[in-house]
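S.K.: Quick one: the structure is below, questions incoming.
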Amino acid sequence: MSSQFYITTAIDYANGSPHLGHAYEKVLSDVIARHRRMEGRRVHFLTGLDEHGQKVQQTAQKRGVGPQALVDEIAAVFQGMLRDLRISHDDYIRTTEPRHKQVVQRFLQQLFDKGLIFKATKAGWYSVRQEQFLSDKDRAEDGSWPEIYGEVTQTTEENYYFKLSQFQAWLIEHIRAHPDFITPRFRQNQVLEFLKEPMNDLCISRPKSRLTWGIELPFDPAFVTYVWFDALTNYYSAVEGKGLWPADVHVIGKDILSPPHAVYWPCMLKALGIDPPRQLLVHGWWTINNQKASKSSGNALDTLGFAATHGADAFRYYLCREMVVGQDADFSAATFENRYKADLGNNLGNLVNRLLNMVGRSYAGKVPAAAADEELEQNLRGLWAESARKYQEAFREYQVSHALESLWVFISAMNAYIEARAPWKLAKSADPADRARLDSCLAHVAEGLRLAGTLLLPVMPETCGKLLTHIGRPVPDRFADQLAWSWAGTGSQVAEKCILFPPIEPPTAPAKA
């Protein structure tokens, strides 16, 4: 396994505000990146903003501002979201940057020189919303155009085309030969199904007569580049010359898997003689209260407020725990508050406070040595080994939800263990055997919390850093040998109290008249 790990998100489109889908993709990628760093990998984590295209130009015109001023404003909003969610990206690329434009124009020129780009006049159906030409196979079963395409009109236009069809056979073979190229596997089957039909060549330009906001074709200044050819290149342009390519994983939503990422991008790279990315990790969509998230209803934006009211880490945990990667998931205030109270407040937070309280009262704030070794303690240590193994196995498949589920089995077991041992009763006993059980109980809970907190650092970095500090343990930057049960924490000084997850305050009732 290489010590290097290059991960990207899809770059967000600069024609609106961040919503839950943007937030989830960044959090998922960040958790993966942080986990890989703690495994000792040299991680490079890229995200950014897609800033060209017809919709950006139209929005700027409606607002009476220049396109660059518009995307500068939107970039600041998206970057604010990254800060709020504690995203640890190493680079933020904007497609208006010179470093990106230069690579796009060089790619275009190389393909043109190879005879893989040609000029033609074609008539067809055009979606302004998706900024692409459509064919009849894009229609719904009743012959209508799906809502995602918005207004669709007939257009006759002269443009440049990339000979995409030449690479169809290669792409099919590549996907079959690399079963992990598209994850989860059922998404790969969807792409292969798409490729059963002959591919059309890809229109990669727009005439300046209707679109000026784009990267100019180097071989014909009367045209600009189609936004997808521009946007996809960011993954390469951001790291050219840094020895990071090919990307280990592109994290994307299912809506842009096929054809953009699973067809256009690998074929473009093949045509240029560049290796394709190693893997596409495809996540599903979020609904809000079992309804499709939409700008018109405003429900897509409201969800981000939970990070401000309940903490970024709690929000990160909920997103990772609630969505099984590859499947769709639903966000609601009720399920969020249930996870917050049950998983975080009652199961993890209260356990920390029980430990601090008992160690403070019975041992002057210093973790005792494990003096007893009975079946309960042996079972708890054995469960840790099993839970940690399942966690890491799930993480290797990027199934963060399953990993967290495994870890919470252990955290719940620690709560059951402390209930069974009842240290508050043992502390009142004069029996030396009970004192030994008390020593061992608190030592085991302290060590169990250290282990769980360490494994959870990529998901809840600030909260788990606080947890470890309050139980008197250092915050590691590598897993290394930190996930093995040990008694190195004996004698550690714990804090008096630690409120990791403050109670959710009920809404204030309106004052009576």
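Going by the structure tokens order, chains are called A, B, ..., each with residues numbered from 1, while ligands are numbered from 1 in the order shown.
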Excluding Tyr417 in chain A and residues on its chain fewer than 6 positions from it, collect all residues at most 9 Å away from it, counting only C-alpha atoms, and give them as a PyMOL selection string.

M.R.: chain A and resi 376-377+380+441+445

S.K.: Output C-alpha atoms for every residue in that selection, as a PDB file, in the first residue's frame.

M.R.:
ATOM      1  CA  LEU A 376     -16.912  -8.847  32.954  1.00  0.00           C
ATOM      2  CA  GLU A 377     -13.566  -7.171  32.321  1.00  0.00           C
ATOM      3  CA  LEU A 380     -15.214  -5.963  27.645  1.00  0.00           C
ATOM      4  CA  CYS A 441     -14.049  -0.841  36.731  1.00  0.00           C
ATOM      5  CA  VAL A 445     -13.887   2.545  31.465  1.00  0.00           C
TER       6      VAL A 445
END

S.K.: Name the residues in contact with Ala452 in chain A at a cut-off of 10 Å, using only C-alpha atoms, excluding same-chain residues fewer than 6 positions from it; report them as a ChimeraX atom specification.

M.R.: /A:348,384,387-388,407-408,410-411,464,467-468,483

S.K.: Among range 307-364 of chain A, which residues carry a DSSP assignment of helix (DSSP H, G or I), reported as a PyMOL selection string?

M.R.: chain A and resi 307-310+312-322+333-363

S.K.: Store the residues of this selection in a file with C-alpha atoms, as a tab-separated table (two decimals), in the first residue's frame.

M.R.:
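result_8.tsv was written with the following content:
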chain	number	residue	atom	x	y	z
A	307	ALA	CA	-24.10	22.36	12.84
A	308	ALA	CA	-24.35	25.81	14.41
A	309	THR	CA	-26.96	24.97	17.05
A	310	HIS	CA	-25.69	21.51	18.06
A	312	ALA	CA	-20.13	20.72	13.97
A	313	ASP	CA	-19.02	17.37	15.38
A	314	ALA	CA	-22.54	16.25	16.27
A	315	PHE	CA	-23.64	17.22	12.76
A	316	ARG	CA	-20.71	15.32	11.25
A	317	TYR	CA	-21.55	12.24	13.33
A	318	TYR	CA	-25.20	12.32	12.30
A	319	LEU	CA	-24.42	12.57	8.58
A	320	CYS	CA	-21.89	9.73	8.74
A	321	ARG	CA	-24.08	7.52	10.91
A	322	GLU	CA	-27.35	8.07	9.09
A	333	ALA	CA	-35.05	17.13	13.18
A	334	ALA	CA	-36.51	14.16	15.05
A	335	THR	CA	-33.89	11.65	13.91
A	336	PHE	CA	-31.11	14.18	14.45
A	337	GLU	CA	-32.20	14.91	18.00
A	338	ASN	CA	-32.62	11.21	18.71
A	339	ARG	CA	-29.06	10.47	17.58
A	340	TYR	CA	-27.81	13.49	19.53
A	341	LYS	CA	-29.53	12.48	22.76
A	342	ALA	CA	-29.21	8.69	22.58
A	343	ASP	CA	-25.89	8.05	20.84
A	344	LEU	CA	-23.95	11.13	21.85
A	345	GLY	CA	-25.44	12.58	25.01
A	346	ASN	CA	-26.66	9.52	26.90
A	347	ASN	CA	-24.36	6.82	25.57
A	348	LEU	CA	-21.01	8.61	25.19
A	349	GLY	CA	-21.27	11.93	27.03
A	350	ASN	CA	-22.82	10.56	30.22
A	351	LEU	CA	-20.26	7.76	30.36
A	352	VAL	CA	-17.46	10.31	30.34
A	353	ASN	CA	-19.05	12.28	33.15
A	354	ARG	CA	-19.67	9.15	35.21
A	355	LEU	CA	-15.98	8.31	34.95
A	356	LEU	CA	-14.80	11.81	35.86
A	357	ASN	CA	-17.19	11.99	38.77
A	358	MET	CA	-16.20	8.63	40.26
A	359	VAL	CA	-12.45	9.10	39.73
A	360	GLY	CA	-12.69	12.57	41.23
A	361	ARG	CA	-14.58	11.44	44.34
A	362	SER	CA	-12.78	8.17	45.03
A	363	TYR	CA	-9.27	8.71	43.68

S.K.: I'd like the neighbourhood of Gln68 in chain A as a list of chain:residue names, where a residue qualifies if any of its atoms comes within 9 Å (using only C-alpha atoms), though same-chain residues fewer than 4 positions away should be ignored.

M.R.: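 The neighbour list is A:Glu51, A:Ala60, A:Asp72, A:Glu73, A:Thr96.
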
S.K.: Output N, CA and C atoms for every residue in that selection, as an mmCIF file, in the first residue's frame.

M.R.:
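The result, written out as again17.cif:
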data_model
loop_
_atom_site.group_PDB
_atom_site.id
_atom_site.type_symbol
_atom_site.label_atom_id
_atom_site.label_comp_id
_atom_site.auth_asym_id
_atom_site.auth_seq_id
_atom_site.Cartn_x
_atom_site.Cartn_y
_atom_site.Cartn_z
ATOM 1 N N GLU A 51 -16.690 27.241 -11.692
ATOM 2 C CA GLU A 51 -17.125 28.640 -11.767
ATOM 3 C C GLU A 51 -17.548 29.129 -13.152
ATOM 4 N N ALA A 60 -25.345 36.166 -13.132
ATOM 5 C CA ALA A 60 -24.604 37.428 -13.009
ATOM 6 C C ALA A 60 -25.318 38.548 -13.749
ATOM 7 N N ASP A 72 -16.705 35.026 -6.974
ATOM 8 C CA ASP A 72 -15.902 35.371 -5.795
ATOM 9 C C ASP A 72 -16.777 35.363 -4.539
ATOM 10 N N GLU A 73 -17.969 35.898 -4.687
ATOM 11 C CA GLU A 73 -18.906 35.946 -3.561
ATOM 12 C C GLU A 73 -19.335 34.536 -3.152
ATOM 13 N N THR A 96 -11.515 29.265 -12.264
ATOM 14 C CA THR A 96 -11.098 30.525 -12.900
ATOM 15 C C THR A 96 -9.616 30.819 -12.656
#

S.K.: Pick out the closest residue to Gln4 in chain A from this set: A:Val71, A:Ala413, A:Val43, A:Ala480. Count only C-alpha atoms.

M.R.: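 Using only C-alpha atoms, the shortest distance to Gln4 in chain A belongs to A:Val43.
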
S.K.: Which one of A:Val249, A:Ala123, A:Ile93, A:Val409 sits closest to Gln154 in chain A if you count only C-alpha atoms?

M.R.: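 The shortest atom-to-atom distance to Gln154 in chain A comes from A:Ala123.
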